[in-house]
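Undergrad: Below is the structure I would like to discuss, written out as structure tokens.
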Amino acid sequence: MSRHRRRPLAGLLVLLLGLLLTGTVYAAFSPSSATAGAAESDTEQIAKGRQLFLVGCAFCHGQNGEGVRAQRDGNIIGPPLVGVGAAAVDFQVGTGRMPMAQPGAQVKAKAPVYNADEIAALAAYVASLGPGPAIPDAGDYSLEGLSDQEREEAIVRGGQIFLTNCTACHNFEGSGGAMPRGGYAPKIRGVEPRYIYEAMLTGPQSMDVFSNGNLSPDEKRDVIAYLQSLENQPNYGGFGLGGLGPVSEGLAAWLLGIGACVGFAVWIAAHTTRTSKGNVSA
């Protein structure tokens, strides 16, 4: 045996066995180490989000996201956030609707108060309060990888879905419109696709929730594709008048069309030669 161990082939075999054993041990323990590191990173992000939440959100939504009601009339000051998910936070905070500047019938979009890292931390903390919709990936609403024919088909399907479910509030081209009790449907043309997807997923304010059970992720993607196609679509009807439909068009017809006709009739009457019987000679 000692004579065999002294051979060069035996030494090479021992080296290969050592490398194989080292690789096996590393492969077994490396994934668990990476998972632990990721869990620690998530914990730190949630802790950072809680600190931001306590400073900027807890007054209305409670220290643990349980919501706050007024003591006198019982009206909700801030709704509970347990179960709304990270997508709702990313939409509300990312579009500047939250923190709310002042109470009103509807919260308006404005420049965001928090940066991207702070919004991600707040979303992670609220997501930790209860299961809810996650922030969508770019692949959820992108048409990348589709052929030209598939893109056209997606736009057509999205237009059918939008005209069926969304035009009552946002009108046929997504320019928005008035709603009852002082509310309004905001303009959704030119809005970042991620926020449109999150709005459909979470149903902010007066909007209905279009969960994946109601509209599949592909159908949501198709709706976004339709709205994006409107950006480059020419207006064949002349002046768009804001795209608000019969309200603005009817007002323009009355003020410009009928108003011009009435003004022209008055001008004709004022410049017509008038005669009377008393001035006519016998």
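In the structure tokens, chains take the letters A, B, ... in the order shown, each chain's residues start at 1, and ligands count up from 1 in the order shown.
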Counting only C-alpha atoms, which residues in range 152-271 of chain A sit no more than 8 Å from range 71-91 of chain A? For each one, give the nearest pair of atoms and the distance in Å, sorted by chain then residue number, as a Markdown table.
TA:
| residue | atom | partner | partner_atom | distance |
| --- | --- | --- | --- | --- |
| A:Tyr195 | CA | A:Phe91 | CA | 5.6 |
| A:Glu198 | CA | A:Ala87 | CA | 5.8 |
| A:Ala199 | CA | A:Phe91 | CA | 7.0 |
| A:Leu201 | CA | A:Ala87 | CA | 7.8 |
| A:Thr202 | CA | A:Ala88 | CA | 5.9 |
| A:Pro204 | CA | A:Ala88 | CA | 7.7 |
Undergrad: So that I can see what lies close to Met207 in chain A, please list as a PDB file with C-alpha atoms, in the first residue's frame the residues with an atom at most 10 Å from it, counting only C-alpha atoms and leaving out residues fewer than 4 positions away in the same chain.
TA:
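Final output, result.pdb:
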ATOM      1  CA  CYS A 166     -63.191  52.012 -18.167  1.00  0.00           C
ATOM      2  CA  CYS A 169     -65.164  57.159 -15.892  1.00  0.00           C
ATOM      3  CA  ALA A 185     -61.445  60.176 -12.836  1.00  0.00           C
ATOM      4  CA  ALA A 199     -54.186  51.118 -10.051  1.00  0.00           C
ATOM      5  CA  MET A 200     -56.014  48.268 -11.759  1.00  0.00           C
ATOM      6  CA  THR A 202     -55.449  47.809  -6.070  1.00  0.00           C
ATOM      7  CA  GLY A 203     -58.408  50.059  -7.001  1.00  0.00           C
TER       8      GLY A 203
END
Undergrad: Taking into account only C-alpha atoms, which residue in the set A:Tyr197, A:Ala120, A:Gly177, A:Ile161 is nearest to Ser211 in chain A?
TA: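 Using only C-alpha atoms, the shortest distance to Ser211 in chain A belongs to A:Tyr197.
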Undergrad: Write out as an mmCIF file with N, CA and C atoms, in the first residue's frame all residues of range 27-228 of chain A that DSSP puts in alpha helix (DSSP H) for this structure's backbone.
TA:
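So states20.cif came out as:
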data_model
loop_
_atom_site.group_PDB
_atom_site.id
_atom_site.type_symbol
_atom_site.label_atom_id
_atom_site.label_comp_id
_atom_site.auth_asym_id
_atom_site.auth_seq_id
_atom_site.Cartn_x
_atom_site.Cartn_y
_atom_site.Cartn_z
ATOM 1 N N ALA A 27 -21.292 23.997 -2.186
ATOM 2 C CA ALA A 27 -22.605 24.030 -2.826
ATOM 3 C C ALA A 27 -23.724 23.778 -1.833
ATOM 4 N N ALA A 28 -23.420 22.978 -0.797
ATOM 5 C CA ALA A 28 -24.453 22.665 0.191
ATOM 6 C C ALA A 28 -24.733 23.838 1.111
ATOM 7 N N PHE A 29 -23.702 24.596 1.481
ATOM 8 C CA PHE A 29 -23.877 25.656 2.470
ATOM 9 C C PHE A 29 -23.991 27.045 1.858
ATOM 10 N N SER A 30 -23.570 27.249 0.633
ATOM 11 C CA SER A 30 -23.620 28.574 0.033
ATOM 12 C C SER A 30 -25.044 29.089 -0.157
ATOM 13 N N PRO A 31 -26.027 28.323 -0.665
ATOM 14 C CA PRO A 31 -27.384 28.840 -0.819
ATOM 15 C C PRO A 31 -27.990 29.291 0.491
ATOM 16 N N SER A 32 -27.760 28.552 1.560
ATOM 17 C CA SER A 32 -28.325 28.940 2.840
ATOM 18 C C SER A 32 -27.721 30.241 3.330
ATOM 19 N N SER A 33 -26.447 30.475 3.052
ATOM 20 C CA SER A 33 -25.811 31.717 3.461
ATOM 21 C C SER A 33 -26.396 32.888 2.687
ATOM 22 N N ALA A 34 -26.620 32.696 1.365
ATOM 23 C CA ALA A 34 -27.214 33.756 0.553
ATOM 24 C C ALA A 34 -28.633 34.064 1.008
ATOM 25 N N THR A 35 -29.388 33.024 1.334
ATOM 26 C CA THR A 35 -30.749 33.233 1.817
ATOM 27 C C THR A 35 -30.758 34.001 3.118
ATOM 28 N N ALA A 36 -29.846 33.673 3.997
ATOM 29 C CA ALA A 36 -29.761 34.379 5.273
ATOM 30 C C ALA A 36 -29.421 35.843 5.053
ATOM 31 N N GLY A 37 -28.493 36.105 4.086
ATOM 32 C CA GLY A 37 -28.143 37.477 3.800
ATOM 33 C C GLY A 37 -29.317 38.257 3.227
ATOM 34 N N ALA A 38 -30.090 37.611 2.337
ATOM 35 C CA ALA A 38 -31.257 38.270 1.766
ATOM 36 C C ALA A 38 -32.305 38.543 2.829
ATOM 37 N N ALA A 39 -32.513 37.588 3.734
ATOM 38 C CA ALA A 39 -33.478 37.785 4.805
ATOM 39 C C ALA A 39 -33.057 38.937 5.710
ATOM 40 N N GLU A 40 -31.754 39.028 5.969
ATOM 41 C CA GLU A 40 -31.268 40.126 6.797
ATOM 42 C C GLU A 40 -31.472 41.461 6.098
ATOM 43 N N SER A 41 -31.241 41.489 4.772
ATOM 44 C CA SER A 41 -31.454 42.720 4.014
ATOM 45 C C SER A 41 -32.919 43.124 4.029
ATOM 46 N N ASP A 42 -33.841 42.150 3.867
ATOM 47 C CA ASP A 42 -35.268 42.444 3.927
ATOM 48 C C ASP A 42 -35.658 42.975 5.291
ATOM 49 N N THR A 43 -35.085 42.416 6.335
ATOM 50 C CA THR A 43 -35.388 42.870 7.689
ATOM 51 C C THR A 43 -34.947 44.312 7.895
ATOM 52 N N GLU A 44 -33.778 44.643 7.380
ATOM 53 C CA GLU A 44 -33.298 46.015 7.494
ATOM 54 C C GLU A 44 -34.195 46.977 6.712
ATOM 55 N N GLN A 45 -34.637 46.567 5.517
ATOM 56 C CA GLN A 45 -35.503 47.430 4.723
ATOM 57 C C GLN A 45 -36.850 47.637 5.404
ATOM 58 N N ILE A 46 -37.394 46.581 6.001
ATOM 59 C CA ILE A 46 -38.664 46.706 6.722
ATOM 60 C C ILE A 46 -38.501 47.616 7.930
ATOM 61 N N ALA A 47 -37.385 47.496 8.633
ATOM 62 C CA ALA A 47 -37.135 48.360 9.794
ATOM 63 C C ALA A 47 -37.024 49.817 9.355
ATOM 64 N N LYS A 48 -36.352 50.070 8.244
ATOM 65 C CA LYS A 48 -36.255 51.434 7.732
ATOM 66 C C LYS A 48 -37.626 51.954 7.325
ATOM 67 N N GLY A 49 -38.421 51.102 6.691
ATOM 68 C CA GLY A 49 -39.758 51.503 6.304
ATOM 69 C C GLY A 49 -40.641 51.823 7.497
ATOM 70 N N ARG A 50 -40.486 51.071 8.580
ATOM 71 C CA ARG A 50 -41.286 51.354 9.775
ATOM 72 C C ARG A 50 -40.929 52.711 10.367
ATOM 73 N N GLN A 51 -39.646 53.051 10.377
ATOM 74 C CA GLN A 51 -39.237 54.355 10.890
ATOM 75 C C GLN A 51 -39.847 55.480 10.051
ATOM 76 N N LEU A 52 -39.816 55.331 8.741
ATOM 77 C CA LEU A 52 -40.437 56.331 7.883
ATOM 78 C C LEU A 52 -41.946 56.373 8.087
ATOM 79 N N PHE A 53 -42.545 55.211 8.280
ATOM 80 C CA PHE A 53 -43.990 55.133 8.486
ATOM 81 C C PHE A 53 -44.395 55.840 9.770
ATOM 82 N N LEU A 54 -43.652 55.644 10.836
ATOM 83 C CA LEU A 54 -43.993 56.270 12.114
ATOM 84 C C LEU A 54 -43.905 57.782 12.046
ATOM 85 N N VAL A 55 -43.007 58.286 11.215
ATOM 86 C CA VAL A 55 -42.836 59.731 11.109
ATOM 87 C C VAL A 55 -43.884 60.349 10.183
ATOM 88 N N GLY A 56 -44.128 59.735 9.027
ATOM 89 C CA GLY A 56 -44.965 60.375 8.025
ATOM 90 C C GLY A 56 -46.343 59.811 7.827
ATOM 91 N N ALA A 58 -48.102 57.392 10.416
ATOM 92 C CA ALA A 58 -48.780 56.815 11.573
ATOM 93 C C ALA A 58 -49.878 57.719 12.123
ATOM 94 N N PHE A 59 -49.767 59.011 11.934
ATOM 95 C CA PHE A 59 -50.773 59.928 12.486
ATOM 96 C C PHE A 59 -52.154 59.616 11.913
ATOM 97 N N CYS A 60 -52.214 59.255 10.635
ATOM 98 C CA CYS A 60 -53.501 58.960 9.998
ATOM 99 C C CYS A 60 -53.818 57.467 9.954
ATOM 100 N N HIS A 61 -52.790 56.636 9.797
ATOM 101 C CA HIS A 61 -53.017 55.206 9.590
ATOM 102 C C HIS A 61 -52.729 54.363 10.829
ATOM 103 N N GLY A 85 -50.995 45.596 0.541
ATOM 104 C CA GLY A 85 -49.875 45.149 -0.263
ATOM 105 C C GLY A 85 -48.919 46.263 -0.649
ATOM 106 N N ALA A 86 -47.776 45.847 -1.165
ATOM 107 C CA ALA A 86 -46.742 46.800 -1.567
ATOM 108 C C ALA A 86 -47.161 47.607 -2.784
ATOM 109 N N ALA A 87 -47.989 47.026 -3.661
ATOM 110 C CA ALA A 87 -48.399 47.731 -4.877
ATOM 111 C C ALA A 87 -49.188 48.989 -4.549
ATOM 112 N N ALA A 88 -50.055 48.931 -3.543
ATOM 113 C CA ALA A 88 -50.844 50.103 -3.172
ATOM 114 C C ALA A 88 -49.945 51.220 -2.654
ATOM 115 N N VAL A 89 -48.938 50.863 -1.862
ATOM 116 C CA VAL A 89 -48.024 51.873 -1.335
ATOM 117 C C VAL A 89 -47.204 52.486 -2.464
ATOM 118 N N ASP A 90 -46.719 51.655 -3.364
ATOM 119 C CA ASP A 90 -45.909 52.162 -4.471
ATOM 120 C C ASP A 90 -46.724 53.110 -5.335
ATOM 121 N N PHE A 91 -48.008 52.816 -5.541
ATOM 122 C CA PHE A 91 -48.851 53.699 -6.336
ATOM 123 C C PHE A 91 -49.129 55.005 -5.604
ATOM 124 N N GLN A 92 -49.610 54.919 -4.378
ATOM 125 C CA GLN A 92 -50.028 56.113 -3.649
ATOM 126 C C GLN A 92 -48.855 57.040 -3.355
ATOM 127 N N VAL A 93 -47.742 56.469 -2.895
ATOM 128 C CA VAL A 93 -46.587 57.290 -2.529
ATOM 129 C C VAL A 93 -45.787 57.680 -3.771
ATOM 130 N N GLY A 94 -45.691 56.775 -4.735
ATOM 131 C CA GLY A 94 -44.930 57.069 -5.937
ATOM 132 C C GLY A 94 -45.550 58.155 -6.792
ATOM 133 N N ALA A 116 -36.927 56.891 -4.321
ATOM 134 C CA ALA A 116 -37.247 55.515 -4.705
ATOM 135 C C ALA A 116 -36.911 54.518 -3.593
ATOM 136 N N ASP A 117 -35.761 54.690 -2.924
ATOM 137 C CA ASP A 117 -35.378 53.769 -1.851
ATOM 138 C C ASP A 117 -36.337 53.865 -0.672
ATOM 139 N N GLU A 118 -36.771 55.069 -0.342
ATOM 140 C CA GLU A 118 -37.699 55.244 0.776
ATOM 141 C C GLU A 118 -39.076 54.668 0.439
ATOM 142 N N ILE A 119 -39.503 54.834 -0.811
ATOM 143 C CA ILE A 119 -40.788 54.253 -1.221
ATOM 144 C C ILE A 119 -40.724 52.730 -1.147
ATOM 145 N N ALA A 120 -39.595 52.155 -1.582
ATOM 146 C CA ALA A 120 -39.434 50.697 -1.508
ATOM 147 C C ALA A 120 -39.456 50.221 -0.068
ATOM 148 N N ALA A 121 -38.845 50.983 0.844
ATOM 149 C CA ALA A 121 -38.839 50.601 2.248
ATOM 150 C C ALA A 121 -40.248 50.685 2.843
ATOM 151 N N LEU A 122 -40.976 51.739 2.541
ATOM 152 C CA LEU A 122 -42.356 51.855 3.030
ATOM 153 C C LEU A 122 -43.218 50.722 2.487
ATOM 154 N N ALA A 123 -43.047 50.391 1.206
ATOM 155 C CA ALA A 123 -43.817 49.299 0.606
ATOM 156 C C ALA A 123 -43.484 47.971 1.271
ATOM 157 N N ALA A 124 -42.205 47.757 1.588
ATOM 158 C CA ALA A 124 -41.807 46.514 2.245
ATOM 159 C C ALA A 124 -42.415 46.414 3.638
ATOM 160 N N TYR A 125 -42.457 47.529 4.355
ATOM 161 C CA TYR A 125 -43.035 47.485 5.705
ATOM 162 C C TYR A 125 -44.534 47.209 5.655
ATOM 163 N N VAL A 126 -45.254 47.904 4.787
ATOM 164 C CA VAL A 126 -46.701 47.684 4.705
ATOM 165 C C VAL A 126 -46.994 46.264 4.223
ATOM 166 N N ALA A 127 -46.170 45.749 3.319
ATOM 167 C CA ALA A 127 -46.361 44.377 2.858
ATOM 168 C C ALA A 127 -46.160 43.377 3.986
ATOM 169 N N SER A 128 -45.317 43.722 4.957
ATOM 170 C CA SER A 128 -45.082 42.819 6.082
ATOM 171 C C SER A 128 -46.258 42.768 7.042
ATOM 172 N N LEU A 129 -47.191 43.722 6.952
ATOM 173 C CA LEU A 129 -48.348 43.741 7.849
ATOM 174 C C LEU A 129 -49.388 42.690 7.480
ATOM 175 N N ALA A 138 -41.422 44.877 -14.632
ATOM 176 C CA ALA A 138 -41.564 45.493 -15.959
ATOM 177 C C ALA A 138 -42.079 44.487 -16.984
ATOM 178 N N GLY A 139 -41.740 43.215 -16.817
ATOM 179 C CA GLY A 139 -42.219 42.204 -17.745
ATOM 180 C C GLY A 139 -43.714 41.970 -17.685
ATOM 181 N N ASP A 140 -44.371 42.412 -16.599
ATOM 182 C CA ASP A 140 -45.810 42.206 -16.474
ATOM 183 C C ASP A 140 -46.602 43.113 -17.409
ATOM 184 N N TYR A 141 -46.053 44.269 -17.760
ATOM 185 C CA TYR A 141 -46.805 45.212 -18.589
ATOM 186 C C TYR A 141 -46.047 45.620 -19.848
ATOM 187 N N ASP A 148 -44.829 41.922 -34.272
ATOM 188 C CA ASP A 148 -45.670 43.062 -34.637
ATOM 189 C C ASP A 148 -47.143 42.668 -34.676
ATOM 190 N N GLN A 149 -47.429 41.489 -35.181
ATOM 191 C CA GLN A 149 -48.817 41.044 -35.227
ATOM 192 C C GLN A 149 -49.360 40.821 -33.818
ATOM 193 N N GLU A 150 -48.556 40.237 -32.942
ATOM 194 C CA GLU A 150 -48.992 40.017 -31.559
ATOM 195 C C GLU A 150 -49.187 41.342 -30.828
ATOM 196 N N ARG A 151 -48.367 42.333 -31.134
ATOM 197 C CA ARG A 151 -48.550 43.649 -30.530
ATOM 198 C C ARG A 151 -49.878 44.270 -30.967
ATOM 199 N N GLU A 152 -50.171 44.180 -32.256
ATOM 200 C CA GLU A 152 -51.435 44.722 -32.749
ATOM 201 C C GLU A 152 -52.622 44.011 -32.111
ATOM 202 N N GLU A 153 -52.524 42.706 -31.981
ATOM 203 C CA GLU A 153 -53.608 41.957 -31.347
ATOM 204 C C GLU A 153 -53.766 42.350 -29.884
ATOM 205 N N ALA A 154 -52.659 42.580 -29.195
ATOM 206 C CA ALA A 154 -52.728 42.994 -27.791
ATOM 207 C C ALA A 154 -53.396 44.362 -27.668
ATOM 208 N N ILE A 155 -53.073 45.288 -28.575
ATOM 209 C CA ILE A 155 -53.681 46.617 -28.536
ATOM 210 C C ILE A 155 -55.182 46.540 -28.792
ATOM 211 N N VAL A 156 -55.585 45.697 -29.751
ATOM 212 C CA VAL A 156 -57.010 45.544 -30.049
ATOM 213 C C VAL A 156 -57.748 44.959 -28.848
ATOM 214 N N ARG A 157 -57.185 43.923 -28.235
ATOM 215 C CA ARG A 157 -57.820 43.333 -27.048
ATOM 216 C C ARG A 157 -57.889 44.348 -25.914
ATOM 217 N N GLY A 158 -56.813 45.096 -25.724
ATOM 218 C CA GLY A 158 -56.811 46.101 -24.668
ATOM 219 C C GLY A 158 -57.845 47.181 -24.908
ATOM 220 N N GLY A 159 -58.024 47.582 -26.175
ATOM 221 C CA GLY A 159 -59.046 48.575 -26.479
ATOM 222 C C GLY A 159 -60.446 48.067 -26.172
ATOM 223 N N GLN A 160 -60.713 46.803 -26.478
ATOM 224 C CA GLN A 160 -62.026 46.237 -26.179
ATOM 225 C C GLN A 160 -62.280 46.187 -24.680
ATOM 226 N N ILE A 161 -61.263 45.797 -23.926
ATOM 227 C CA ILE A 161 -61.412 45.746 -22.465
ATOM 228 C C ILE A 161 -61.611 47.136 -21.896
ATOM 229 N N PHE A 162 -60.841 48.101 -22.384
ATOM 230 C CA PHE A 162 -60.929 49.468 -21.874
ATOM 231 C C PHE A 162 -62.283 50.083 -22.202
ATOM 232 N N LEU A 163 -62.750 49.918 -23.430
ATOM 233 C CA LEU A 163 -64.028 50.507 -23.829
ATOM 234 C C LEU A 163 -65.192 49.878 -23.069
ATOM 235 N N THR A 164 -65.026 48.632 -22.636
ATOM 236 C CA THR A 164 -66.094 47.957 -21.900
ATOM 237 C C THR A 164 -66.113 48.331 -20.427
ATOM 238 N N ASN A 165 -64.940 48.474 -19.814
ATOM 239 C CA ASN A 165 -64.862 48.607 -18.357
ATOM 240 C C ASN A 165 -64.453 49.983 -17.851
ATOM 241 N N THR A 167 -64.401 53.302 -19.866
ATOM 242 C CA THR A 167 -64.803 54.556 -20.502
ATOM 243 C C THR A 167 -65.865 55.315 -19.711
ATOM 244 N N ALA A 168 -66.633 54.634 -18.873
ATOM 245 C CA ALA A 168 -67.664 55.324 -18.103
ATOM 246 C C ALA A 168 -67.059 56.388 -17.199
ATOM 247 N N CYS A 169 -65.825 56.195 -16.777
ATOM 248 C CA CYS A 169 -65.164 57.159 -15.892
ATOM 249 C C CYS A 169 -64.033 57.912 -16.598
ATOM 250 N N HIS A 170 -63.206 57.185 -17.333
ATOM 251 C CA HIS A 170 -62.003 57.797 -17.915
ATOM 252 C C HIS A 170 -62.217 58.252 -19.356
ATOM 253 N N PRO A 193 -46.562 53.225 -16.982
ATOM 254 C CA PRO A 193 -47.312 51.958 -17.053
ATOM 255 C C PRO A 193 -47.397 51.225 -15.720
ATOM 256 N N ARG A 194 -46.357 51.298 -14.911
ATOM 257 C CA ARG A 194 -46.384 50.589 -13.628
ATOM 258 C C ARG A 194 -47.523 51.087 -12.745
ATOM 259 N N TYR A 195 -47.753 52.386 -12.745
ATOM 260 C CA TYR A 195 -48.809 52.941 -11.910
ATOM 261 C C TYR A 195 -50.198 52.589 -12.444
ATOM 262 N N ILE A 196 -50.342 52.503 -13.773
ATOM 263 C CA ILE A 196 -51.631 52.070 -14.326
ATOM 264 C C ILE A 196 -51.911 50.626 -13.923
ATOM 265 N N TYR A 197 -50.901 49.787 -14.001
ATOM 266 C CA TYR A 197 -51.053 48.383 -13.605
ATOM 267 C C TYR A 197 -51.423 48.297 -12.125
ATOM 268 N N GLU A 198 -50.737 49.068 -11.279
ATOM 269 C CA GLU A 198 -51.014 49.032 -9.839
ATOM 270 C C GLU A 198 -52.396 49.580 -9.523
ATOM 271 N N ALA A 199 -52.849 50.582 -10.269
ATOM 272 C CA ALA A 199 -54.186 51.118 -10.051
ATOM 273 C C ALA A 199 -55.249 50.066 -10.364
ATOM 274 N N MET A 200 -55.075 49.344 -11.451
ATOM 275 C CA MET A 200 -56.014 48.268 -11.759
ATOM 276 C C MET A 200 -55.954 47.170 -10.699
ATOM 277 N N LEU A 201 -54.779 46.929 -10.177
ATOM 278 C CA LEU A 201 -54.597 45.832 -9.227
ATOM 279 C C LEU A 201 -55.146 46.162 -7.844
ATOM 280 N N THR A 202 -55.090 47.437 -7.443
ATOM 281 C CA THR A 202 -55.449 47.809 -6.070
ATOM 282 C C THR A 202 -56.730 48.627 -5.965
ATOM 283 N N PRO A 217 -53.139 39.121 -15.797
ATOM 284 C CA PRO A 217 -51.987 40.001 -16.047
ATOM 285 C C PRO A 217 -51.814 40.352 -17.518
ATOM 286 N N ASP A 218 -52.075 39.410 -18.415
ATOM 287 C CA ASP A 218 -51.961 39.705 -19.846
ATOM 288 C C ASP A 218 -53.011 40.723 -20.283
ATOM 289 N N GLU A 219 -54.212 40.633 -19.728
ATOM 290 C CA GLU A 219 -55.254 41.598 -20.084
ATOM 291 C C GLU A 219 -54.919 42.987 -19.556
ATOM 292 N N LYS A 220 -54.346 43.056 -18.376
ATOM 293 C CA LYS A 220 -53.883 44.356 -17.865
ATOM 294 C C LYS A 220 -52.796 44.922 -18.773
ATOM 295 N N ARG A 221 -51.902 44.072 -19.198
ATOM 296 C CA ARG A 221 -50.853 44.502 -20.122
ATOM 297 C C ARG A 221 -51.454 45.031 -21.417
ATOM 298 N N ASP A 222 -52.505 44.376 -21.916
ATOM 299 C CA ASP A 222 -53.138 44.799 -23.158
ATOM 300 C C ASP A 222 -53.806 46.162 -23.006
ATOM 301 N N VAL A 223 -54.421 46.414 -21.859
ATOM 302 C CA VAL A 223 -55.035 47.723 -21.619
ATOM 303 C C VAL A 223 -53.972 48.818 -21.644
ATOM 304 N N ILE A 224 -52.843 48.560 -20.999
ATOM 305 C CA ILE A 224 -51.754 49.536 -21.002
ATOM 306 C C ILE A 224 -51.231 49.748 -22.415
ATOM 307 N N ALA A 225 -51.136 48.683 -23.204
ATOM 308 C CA ALA A 225 -50.690 48.811 -24.590
ATOM 309 C C ALA A 225 -51.655 49.677 -25.392
ATOM 310 N N TYR A 226 -52.955 49.531 -25.155
ATOM 311 C CA TYR A 226 -53.934 50.358 -25.851
ATOM 312 C C TYR A 226 -53.765 51.829 -25.488
ATOM 313 N N LEU A 227 -53.600 52.127 -24.195
ATOM 314 C CA LEU A 227 -53.430 53.513 -23.772
ATOM 315 C C LEU A 227 -52.160 54.119 -24.350
ATOM 316 N N GLN A 228 -51.103 53.333 -24.420
ATOM 317 C CA GLN A 228 -49.868 53.842 -25.004
ATOM 318 C C GLN A 228 -50.011 54.087 -26.498
#
Undergrad: Got a sec to tell me which of range 30-142 of chain A DSSP assigns to strand (DSSP E), as a ChimeraX atom specification?
TA: /A:68-69,76-78
Undergrad: Excluding same-chain residues fewer than 4 positions from Lys110 in chain A, what lies within 9 Å of it counting only C-alpha atoms, as a PyMOL selection string?
TA: chain A and resi 95-98
Undergrad: Keeping only C-alpha atoms, write the selected residues to a file as a compact mmCIF listing (two decimals), in the first residue's frame.
TA:
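Listed below is the output, again35.txt:
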# COMPACT_ATOMS: atom_id res chain seq x y z
CA THR A 95 -47.55 59.34 -7.54
CA GLY A 96 -47.35 61.81 -4.64
CA ARG A 97 -50.93 61.21 -3.51
CA MET A 98 -49.57 60.19 -0.14
Undergrad: To one decimal place, how far is CA of Glu66 in chain A from CA of Gly132 in chain A in Å?
TA: 15.0 Å
Undergrad: I'd like the interatomic distance between CA of Tyr184 in chain A and CA of Ala109 in chain A, to a tenth of an Å.
TA: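 Atom-to-atom, CA of Tyr184 in chain A and CA of Ala109 in chain A are spaced 12.1 Å apart.
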Undergrad: Report, in Å with one decimal, the straight-line distance from CA of Gln106 in chain A to CA of Pro186 in chain A.
TA: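 These atoms are spaced 10.1 Å apart.
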